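upload24.cif follows (mmCIF, C-alpha atoms):
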data_upload
loop_
_atom_site.group_PDB
_atom_site.id
_atom_site.type_symbol
_atom_site.label_atom_id
_atom_site.label_comp_id
_atom_site.auth_asym_id
_atom_site.auth_seq_id
_atom_site.Cartn_x
_atom_site.Cartn_y
_atom_site.Cartn_z
ATOM 1 C CA MET A 60 18.619 -14.487 -30.318
ATOM 2 C CA SER A 61 20.991 -11.678 -29.518
ATOM 3 C CA GLU A 62 23.676 -12.574 -27.021
ATOM 4 C CA GLN A 63 24.623 -8.958 -26.516
ATOM 5 C CA MET A 64 24.209 -7.761 -22.923
ATOM 6 C CA ILE A 65 22.142 -4.620 -22.604
ATOM 7 C CA PRO A 66 23.079 -2.845 -19.421
ATOM 8 C CA ALA A 67 20.030 -1.303 -17.781
ATOM 9 C CA GLY A 68 20.129 2.454 -17.471
ATOM 10 C CA SER A 69 22.832 3.042 -20.084
ATOM 11 C CA LEU A 70 20.725 3.246 -23.230
ATOM 12 C CA PRO A 71 20.104 6.675 -24.637
ATOM 13 C CA LEU A 72 16.439 6.189 -25.524
ATOM 14 C CA ASP A 73 13.753 4.626 -23.342
ATOM 15 C CA PRO A 74 15.825 1.657 -22.202
ATOM 16 C CA GLU A 75 12.945 -0.024 -20.422
ATOM 17 C CA ALA A 76 10.758 -0.123 -23.506
ATOM 18 C CA LEU A 77 13.606 -1.656 -25.485
ATOM 19 C CA LEU A 78 14.310 -4.221 -22.784
ATOM 20 C CA LEU A 79 10.654 -5.096 -22.647
ATOM 21 C CA GLN A 80 10.482 -5.594 -26.384
ATOM 22 C CA GLN A 81 13.588 -7.778 -26.329
ATOM 23 C CA ALA A 82 12.364 -9.778 -23.333
ATOM 24 C CA GLN A 83 9.058 -10.383 -25.101
ATOM 25 C CA ALA A 84 11.091 -11.761 -28.019
ATOM 26 C CA GLY A 85 12.797 -14.217 -25.655
ATOM 27 C CA ASP A 86 16.036 -12.396 -24.852
ATOM 28 C CA SER A 87 17.116 -13.668 -21.431
ATOM 29 C CA HIS A 88 19.563 -10.830 -20.828
ATOM 30 C CA ALA A 89 16.792 -8.324 -21.457
ATOM 31 C CA PHE A 90 14.587 -10.153 -18.973
ATOM 32 C CA GLU A 91 17.364 -9.919 -16.417
ATOM 33 C CA GLY A 92 17.578 -6.204 -17.186
ATOM 34 C CA LEU A 93 13.876 -5.846 -16.428
ATOM 35 C CA TYR A 94 14.431 -7.726 -13.187
ATOM 36 C CA ARG A 95 17.166 -5.297 -12.177
ATOM 37 C CA ILE A 96 14.975 -2.294 -12.913
ATOM 38 C CA HIS A 97 11.908 -3.587 -11.075
ATOM 39 C CA LYS A 98 13.232 -5.890 -8.354
ATOM 40 C CA ARG A 99 13.176 -3.285 -5.573
ATOM 41 C CA ARG A 100 9.637 -2.182 -6.237
ATOM 42 C CA VAL A 101 8.337 -5.744 -6.456
ATOM 43 C CA TYR A 102 10.300 -6.874 -3.399
ATOM 44 C CA SER A 103 9.271 -3.894 -1.263
ATOM 45 C CA LEU A 104 5.615 -4.520 -2.097
ATOM 46 C CA CYS A 105 5.978 -8.203 -1.136
ATOM 47 C CA LEU A 106 7.884 -7.331 2.025
ATOM 48 C CA ARG A 107 5.335 -4.803 3.214
ATOM 49 C CA MET A 108 2.408 -7.096 2.561
ATOM 50 C CA LEU A 109 4.020 -10.183 4.075
ATOM 51 C CA GLY A 110 6.290 -8.723 6.756
ATOM 52 C CA SER A 111 8.837 -11.525 6.318
ATOM 53 C CA VAL A 112 12.070 -11.390 4.314
ATOM 54 C CA PRO A 113 12.123 -15.110 3.318
ATOM 55 C CA GLU A 114 8.481 -15.001 2.218
ATOM 56 C CA ALA A 115 9.016 -11.725 0.391
ATOM 57 C CA GLU A 116 11.986 -13.172 -1.479
ATOM 58 C CA ASP A 117 10.041 -16.321 -2.391
ATOM 59 C CA LEU A 118 7.135 -14.252 -3.674
ATOM 60 C CA THR A 119 9.446 -11.883 -5.574
ATOM 61 C CA GLN A 120 10.789 -14.961 -7.319
ATOM 62 C CA GLU A 121 7.269 -16.230 -8.028
ATOM 63 C CA ALA A 122 6.207 -12.836 -9.383
ATOM 64 C CA PHE A 123 9.097 -12.698 -11.854
ATOM 65 C CA LEU A 124 8.553 -16.293 -12.919
ATOM 66 C CA LEU A 125 4.921 -15.464 -13.608
ATOM 67 C CA LEU A 126 6.062 -12.337 -15.427
ATOM 68 C CA HIS A 127 8.292 -14.473 -17.623
ATOM 69 C CA ARG A 128 5.372 -16.729 -18.505
ATOM 70 C CA LYS A 129 3.036 -13.827 -19.226
ATOM 71 C CA ILE A 130 5.316 -11.190 -20.648
ATOM 72 C CA LYS A 131 4.292 -11.840 -24.242
ATOM 73 C CA SER A 132 0.684 -11.072 -23.303
ATOM 74 C CA PHE A 133 1.553 -7.528 -22.224
ATOM 75 C CA ARG A 134 0.090 -5.272 -24.893
ATOM 76 C CA GLY A 135 0.792 -1.864 -23.432
ATOM 77 C CA ASP A 136 -2.787 -1.058 -22.412
ATOM 78 C CA SER A 137 -1.318 0.237 -19.149
ATOM 79 C CA ALA A 138 2.187 1.166 -18.088
ATOM 80 C CA PHE A 139 4.406 -1.880 -17.682
ATOM 81 C CA THR A 140 5.118 -0.906 -14.072
ATOM 82 C CA THR A 141 1.390 -0.798 -13.311
ATOM 83 C CA TRP A 142 0.870 -4.168 -14.982
ATOM 84 C CA LEU A 143 3.767 -5.768 -13.097
ATOM 85 C CA HIS A 144 2.554 -4.305 -9.840
ATOM 86 C CA ARG A 145 -0.905 -5.745 -10.312
ATOM 87 C CA LEU A 146 0.600 -9.108 -11.197
ATOM 88 C CA THR A 147 2.697 -8.985 -8.012
ATOM 89 C CA VAL A 148 -0.278 -8.089 -5.831
ATOM 90 C CA ASN A 149 -2.169 -11.054 -7.289
ATOM 91 C CA VAL A 150 0.750 -13.405 -6.605
ATOM 92 C CA VAL A 151 0.887 -12.247 -2.984
ATOM 93 C CA LEU A 152 -2.873 -12.504 -2.507
ATOM 94 C CA MET A 153 -2.936 -16.007 -4.025
ATOM 95 C CA HIS A 154 -0.173 -17.002 -1.640
ATOM 96 C CA LEU A 155 -2.066 -15.628 1.350
ATOM 97 C CA ARG A 156 -5.264 -17.376 0.302
ATOM 98 C CA ARG A 157 -3.364 -20.659 -0.009
ATOM 99 C CA LYS A 158 -2.220 -20.113 3.564
ATOM 100 C CA GLY A 159 -5.857 -19.733 4.575
ATOM 101 C CA LEU A 160 -5.500 -16.140 5.679
ATOM 102 C CA SER A 161 -8.668 -14.049 5.612
ATOM 103 C CA LEU A 162 -7.726 -10.969 3.610
ATOM 104 C CA VAL A 163 -10.631 -8.805 4.733
ATOM 105 C CA PRO A 164 -13.026 -9.703 7.558
ATOM 106 C CA LEU A 165 -16.576 -10.052 6.241
ATOM 107 C CA SER A 166 -17.972 -8.569 9.409
ATOM 108 C CA ASP A 167 -16.027 -6.587 11.905
ATOM 109 C CA ALA A 168 -18.792 -4.848 13.784
ATOM 110 C CA SER A 169 -17.062 -5.642 17.052
ATOM 111 C CA GLU A 170 -14.187 -3.395 15.983
ATOM 112 C CA THR A 171 -16.381 -0.428 15.124
ATOM 113 C CA PRO A 172 -15.666 2.419 17.527
ATOM 114 C CA THR A 173 -18.462 2.936 20.007
ATOM 115 C CA GLY A 174 -19.761 6.278 21.149
ATOM 116 C CA GLU A 175 -18.062 5.751 24.466
ATOM 117 C CA SER A 176 -14.677 4.971 22.922
ATOM 118 C CA ILE A 177 -14.970 7.948 20.606
ATOM 119 C CA GLN A 178 -15.711 10.258 23.496
ATOM 120 C CA ARG A 179 -12.816 8.813 25.491
ATOM 121 C CA GLU A 180 -10.534 9.371 22.505
ATOM 122 C CA LEU A 181 -11.792 12.865 21.845
ATOM 123 C CA GLY A 182 -11.420 13.906 25.427
ATOM 124 C CA ASN A 183 -7.773 12.944 25.585
ATOM 125 C CA ARG A 184 -5.778 14.781 23.030
ATOM 126 C CA ASP A 185 -3.762 17.568 21.771
ATOM 127 C CA PRO A 186 -2.413 15.616 18.831
ATOM 128 C CA ILE A 187 0.378 16.949 16.705
ATOM 129 C CA LEU A 188 1.256 14.026 14.498
ATOM 130 C CA SER A 189 2.036 16.385 11.662
ATOM 131 C CA GLY A 190 5.743 16.599 11.019
ATOM 132 C CA SER A 191 6.644 13.919 13.545
ATOM 133 C CA VAL A 192 6.423 10.641 11.615
ATOM 134 C CA ASP A 193 9.429 9.297 9.732
ATOM 135 C CA ARG A 194 9.591 6.387 7.319
ATOM 136 C CA ILE A 195 10.951 3.750 9.697
ATOM 137 C CA THR A 196 8.382 4.620 12.354
ATOM 138 C CA LEU A 197 5.590 4.425 9.822
ATOM 139 C CA GLU A 198 6.867 1.115 8.388
ATOM 140 C CA ARG A 199 6.913 -0.414 11.875
ATOM 141 C CA ALA A 200 3.453 0.866 12.672
ATOM 142 C CA ILE A 201 2.074 -0.576 9.435
ATOM 143 C CA GLN A 202 3.635 -3.965 10.161
ATOM 144 C CA SER A 203 1.862 -4.044 13.511
ATOM 145 C CA LEU A 204 -1.564 -3.636 11.880
ATOM 146 C CA PRO A 205 -3.876 -6.640 11.622
ATOM 147 C CA PRO A 206 -3.443 -8.171 8.122
ATOM 148 C CA GLY A 207 -6.836 -7.047 6.787
ATOM 149 C CA TYR A 208 -6.154 -3.444 7.719
ATOM 150 C CA ARG A 209 -2.586 -3.634 6.448
ATOM 151 C CA PHE A 210 -3.458 -4.894 2.975
ATOM 152 C CA VAL A 211 -6.085 -2.233 2.312
ATOM 153 C CA PHE A 212 -3.879 0.538 3.691
ATOM 154 C CA LEU A 213 -0.888 -0.538 1.590
ATOM 155 C CA LEU A 214 -2.923 -0.991 -1.555
ATOM 156 C CA HIS A 215 -4.747 2.333 -1.228
ATOM 157 C CA ASP A 216 -2.461 4.767 0.545
ATOM 158 C CA VAL A 217 0.933 3.451 -0.583
ATOM 159 C CA GLU A 218 0.299 1.776 -3.925
ATOM 160 C CA GLY A 219 -2.456 4.100 -5.044
ATOM 161 C CA TYR A 220 -5.218 1.649 -5.961
ATOM 162 C CA GLU A 221 -8.842 2.823 -5.934
ATOM 163 C CA HIS A 222 -11.420 1.206 -3.682
ATOM 164 C CA ASN A 223 -13.177 -0.514 -6.589
ATOM 165 C CA GLU A 224 -9.868 -2.111 -7.642
ATOM 166 C CA ILE A 225 -9.091 -3.183 -4.080
ATOM 167 C CA ALA A 226 -12.573 -4.643 -3.688
ATOM 168 C CA LYS A 227 -12.004 -6.825 -6.762
ATOM 169 C CA MET A 228 -8.555 -7.911 -5.628
ATOM 170 C CA LEU A 229 -9.634 -8.740 -2.078
ATOM 171 C CA GLU A 230 -13.061 -10.048 -3.135
ATOM 172 C CA CYS A 231 -14.928 -7.731 -0.793
ATOM 173 C CA SER A 232 -17.348 -4.844 -1.189
ATOM 174 C CA VAL A 233 -16.273 -1.283 -1.924
ATOM 175 C CA GLY A 234 -17.844 -0.268 1.381
ATOM 176 C CA ASN A 235 -15.801 -2.882 3.195
ATOM 177 C CA SER A 236 -12.630 -1.591 1.558
ATOM 178 C CA LYS A 237 -13.429 1.983 2.655
ATOM 179 C CA SER A 238 -14.253 0.811 6.154
ATOM 180 C CA GLN A 239 -11.035 -1.198 6.470
ATOM 181 C CA LEU A 240 -8.959 1.719 5.224
ATOM 182 C CA HIS A 241 -10.528 4.090 7.717
ATOM 183 C CA LYS A 242 -9.973 1.676 10.570
ATOM 184 C CA ALA A 243 -6.389 1.112 9.443
ATOM 185 C CA ARG A 244 -5.701 4.846 9.575
ATOM 186 C CA LEU A 245 -7.383 5.133 12.976
ATOM 187 C CA LYS A 246 -5.292 2.244 14.270
ATOM 188 C CA LEU A 247 -2.102 3.756 12.870
ATOM 189 C CA ARG A 248 -2.917 7.048 14.552
ATOM 190 C CA GLU A 249 -3.421 5.243 17.833
ATOM 191 C CA ILE A 250 -0.100 3.393 17.436
ATOM 192 C CA LEU A 251 1.804 6.513 16.418
ATOM 193 C CA ARG A 252 0.381 8.524 19.303
ATOM 194 C CA LYS A 253 1.433 5.846 21.798
ATOM 195 C CA ARG A 254 5.089 5.764 20.738
ATOM 196 C CA PRO A 255 7.624 7.449 23.037
ATOM 197 C CA HIS A 256 7.791 10.662 21.033
ATOM 198 C CA GLY A 257 4.334 10.522 19.488
ATOM 199 C CA GLY A 258 1.363 12.712 20.183
ATOM 200 C CA GLN A 259 3.211 15.199 22.312
ATOM 201 C CA THR A 260 1.809 18.508 23.300
ATOM 202 C CA LYS A 261 3.360 21.510 21.673
ATOM 203 C CA ASN A 262 5.196 22.407 24.878
ATOM 204 C CA GLU A 263 6.736 18.933 25.043
ATOM 205 C CA VAL A 264 7.940 19.201 21.482
ATOM 206 C CA ASP A 265 9.405 22.651 22.013
ATOM 207 C CA GLN A 266 11.553 21.440 24.908
ATOM 208 C CA MET B 480 -32.517 10.008 -0.003
ATOM 209 C CA ASN B 481 -31.674 13.456 -1.269
ATOM 210 C CA ASP B 482 -30.929 15.926 1.487
ATOM 211 C CA GLN B 483 -29.105 18.462 -0.680
ATOM 212 C CA ASN B 484 -31.700 21.137 0.013
ATOM 213 C CA GLN B 485 -32.144 20.372 3.672
ATOM 214 C CA PRO B 486 -30.503 22.697 6.174
ATOM 215 C CA HIS B 487 -27.534 21.010 7.881
ATOM 216 C CA LYS B 488 -28.351 19.610 11.289
ATOM 217 C CA PRO B 489 -25.443 19.705 13.694
ATOM 218 C CA LEU B 490 -23.834 16.279 13.771
ATOM 219 C CA SER B 491 -22.628 14.699 16.956
ATOM 220 C CA CYS B 492 -19.060 13.419 16.932
ATOM 221 C CA GLU B 493 -20.388 9.868 16.861
ATOM 222 C CA GLU B 494 -22.521 10.618 13.802
ATOM 223 C CA PHE B 495 -19.590 12.291 12.108
ATOM 224 C CA HIS B 496 -17.332 9.303 12.837
ATOM 225 C CA ALA B 497 -19.949 6.986 11.373
ATOM 226 C CA GLN B 498 -19.850 8.964 8.124
ATOM 227 C CA LEU B 499 -16.073 9.300 7.961
ATOM 228 C CA PRO B 500 -15.190 6.084 6.064
ATOM 229 C CA ASP B 501 -17.461 7.104 3.189
ATOM 230 C CA LEU B 502 -16.460 10.754 3.319
ATOM 231 C CA VAL B 503 -12.756 9.936 3.276
ATOM 232 C CA GLY B 504 -13.181 7.011 0.891
ATOM 233 C CA SER B 505 -14.907 9.187 -1.674
ATOM 234 C CA GLY B 506 -11.975 11.575 -1.650
ATOM 235 C CA GLN B 507 -14.036 14.565 -0.568
ATOM 236 C CA ASP B 508 -12.349 17.690 0.696
ATOM 237 C CA LEU B 509 -13.515 17.779 4.295
ATOM 238 C CA SER B 510 -12.022 21.129 5.169
ATOM 239 C CA ASN B 511 -15.399 22.863 4.803
ATOM 240 C CA HIS B 512 -17.474 20.175 6.487
ATOM 241 C CA PRO B 513 -19.850 21.912 8.912
ATOM 242 C CA HIS B 514 -19.050 19.552 11.783
ATOM 243 C CA LEU B 515 -15.336 20.314 11.555
ATOM 244 C CA ALA B 516 -15.956 24.044 11.688
ATOM 245 C CA SER B 517 -17.367 23.624 15.170
ATOM 246 C CA CYS B 518 -15.382 20.657 16.530
ATOM 247 C CA PRO B 519 -11.632 21.047 17.111
ATOM 248 C CA SER B 520 -11.269 17.421 18.216
ATOM 249 C CA CYS B 521 -12.677 15.970 15.017
ATOM 250 C CA ARG B 522 -10.728 18.550 13.037
ATOM 251 C CA SER B 523 -7.544 17.243 14.668
ATOM 252 C CA LEU B 524 -8.577 13.677 13.986
ATOM 253 C CA VAL B 525 -9.211 14.331 10.284
ATOM 254 C CA ARG B 526 -5.972 16.275 10.005
ATOM 255 C CA ASP B 527 -4.041 13.359 11.517
ATOM 256 C CA LEU B 528 -5.689 10.790 9.264
ATOM 257 C CA GLU B 529 -4.973 12.876 6.186
ATOM 258 C CA TYR B 530 -1.399 13.344 7.371
ATOM 259 C CA ILE B 531 -0.902 9.597 7.823
ATOM 260 C CA ALA B 532 -2.210 8.916 4.305
ATOM 261 C CA ALA B 533 -0.039 11.639 2.794
ATOM 262 C CA GLN B 534 3.084 10.484 4.646
ATOM 263 C CA ALA B 535 2.513 6.892 3.596
ATOM 264 C CA HIS B 536 2.380 7.893 -0.039
ATOM 265 C CA LEU B 537 5.334 10.243 0.304
ATOM 266 C CA LEU B 538 7.693 8.179 2.452
ATOM 267 C CA LEU B 539 7.061 4.627 1.345
ATOM 268 C CA GLN B 540 8.028 4.745 -2.289
ATOM 269 C CA PRO B 541 11.022 2.477 -2.983
ATOM 270 C CA GLN B 542 14.294 4.280 -2.349
ATOM 271 C CA GLU B 543 16.980 3.349 -4.853
ATOM 272 C CA ASP B 544 19.730 3.495 -2.235
ATOM 273 C CA ASP B 545 17.917 1.656 0.560
ATOM 274 C CA PRO B 546 19.612 -1.730 1.158
ATOM 275 C CA ALA B 547 16.586 -2.892 3.153
ATOM 276 C CA ILE B 548 14.584 -3.267 -0.059
ATOM 277 C CA GLU B 549 17.264 -5.074 -2.016
ATOM 278 C CA PRO B 550 16.379 -8.730 -2.537
ATOM 279 C CA SER B 551 19.347 -11.025 -2.006
ATOM 280 C CA PRO B 552 21.278 -12.318 -5.049
ATOM 281 C CA ALA B 553 19.729 -15.719 -4.351
ATOM 282 C CA VAL B 554 16.421 -14.426 -5.696
ATOM 283 C CA TRP B 555 17.730 -13.922 -9.217
ATOM 284 C CA SER B 556 19.716 -17.163 -8.993
ATOM 285 C CA GLY B 557 16.491 -18.955 -8.122
ATOM 286 C CA ILE B 558 14.635 -17.329 -10.997
ATOM 287 C CA ALA B 559 17.374 -18.165 -13.500
ATOM 288 C CA SER B 560 17.556 -21.724 -12.248
ATOM 289 C CA ARG B 561 13.794 -22.240 -12.487
ATOM 290 C CA LEU B 562 13.680 -20.748 -15.964
ATOM 291 C CA LYS B 563 16.435 -23.075 -17.069
ATOM 292 C CA GLU B 564 14.519 -26.008 -15.673
ATOM 293 C CA GLU B 565 11.437 -24.961 -17.588
ATOM 294 C CA LYS B 566 13.525 -25.218 -20.764
ATOM 295 C CA ASP B 567 12.078 -22.114 -22.312
ATOM 296 C CA TYR B 568 14.912 -19.925 -21.114
ATOM 297 C CA ASP B 569 17.828 -18.707 -23.171
ATOM 298 C CA LYS B 570 17.001 -20.628 -26.352
#

Starting from the file, give its structure as structure tokens.
Amino acid sequence: MSEQMIPAGSLPLDPEALLLQQAQAGDSHAFEGLYRIHKRRVYSLCLRMLGSVPEAEDLTQEAFLLLHRKIKSFRGDSAFTTWLHRLTVNVVLMHLRRKGLSLVPLSDASETPTGESIQRELGNRDPILSGSVDRITLERAIQSLPPGYRFVFLLHDVEGYEHNEIAKMLECSVGNSKSQLHKARLKLREILRKRPHGGQTKNEVDQ
Amino acid sequence: MNDQNQPHKPLSCEEFHAQLPDLVGSGQDLSNHPHLASCPSCRSLVRDLEYIAAQAHLLLQPQEDDPAIEPSPAVWSGIASRLKEEKDYDK
């Protein structure tokens, strides 16, 4: 095995592909290089889904250990980043299932907006969310969502998974995934409009 | 049921809300939806929901210079240690 260190980001041609090839051949330095390239993305996904730094670090570790065990099975059918992301999501979901957390409620009819609540909401607004939400505010709002809403929102709106993929991952129906996503966005809107500077009228913003 | 050829009946806000998860979930462009043409409140709602989704995708990608998404050095130490224990590391 080569003992030569390959610094990530300094190779002239497709350094990640080379690192991947070397890591698949058992090169530990190359595997560390892959870790350095992907650690932020994996960790941020874990952190957003779990909301806890210690848990996110534990699951980042578990994801890379699983990657090490499975890396030889990666055949390039999808981008490596996509493959690693999916692996990470599965590690997090397995962890949550072990904790006994319900990932998506089977029935949440009680949370469906009623005609009365819709009318109350519609009659009380001049919303101008557009242009007023920054990253930290959004991160905090997402963390305050119920877990079922949060997972679907993160997987769909942040990570870019389709509803059929989310349904498989969360073991729910496509309709349930769509419903959870919609409710997550509604809840986020409600949270963002309640914050001190959220949902102002145009006159308030202009002042 | 195929209602493609049926004239559009005006939807109430409640009926429109009931359809929204499927409409949004299917990725349809709602800008020309007949209910929105006549309902400023639902138009604002849809605009906000689309804005939230767009901002989430735009703002929440990992930032290379954000220390908040940097796992501590202990994470790699733990990985290296576990791999060494498994005896299939660095041989």

Nearby residues (all atoms listed in the file) at most 7 Å from range 231-238 of chain A, same-chain spacing under 6 positions excluded, as a count of residues only:
7

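Among the candidate residues A:Arg157, A:Arg209, A:His127, A:Arg254, the one lying nearest to chain B is A:His127, with distances computed using all atoms listed in the file.
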
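Coordinates place CA of Gln83 in chain A at a distance of 24.0 Å from CA of Glu116 in chain A.
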
Return as a list of chain:residue names the residues belonging to chain A that are within 6 Å of chain B, counting all atoms listed in the file.
A:Ser87, A:Arg99, A:Arg100, A:Ser103, A:Gln120, A:Gly174, A:Leu181, A:Arg194, A:Asp216, A:Val217, A:Lys237, A:Ser238, A:His241, A:Arg244

CA of Leu247 in chain A and CA of Pro206 in chain A are how many Å apart?
12.9 Å
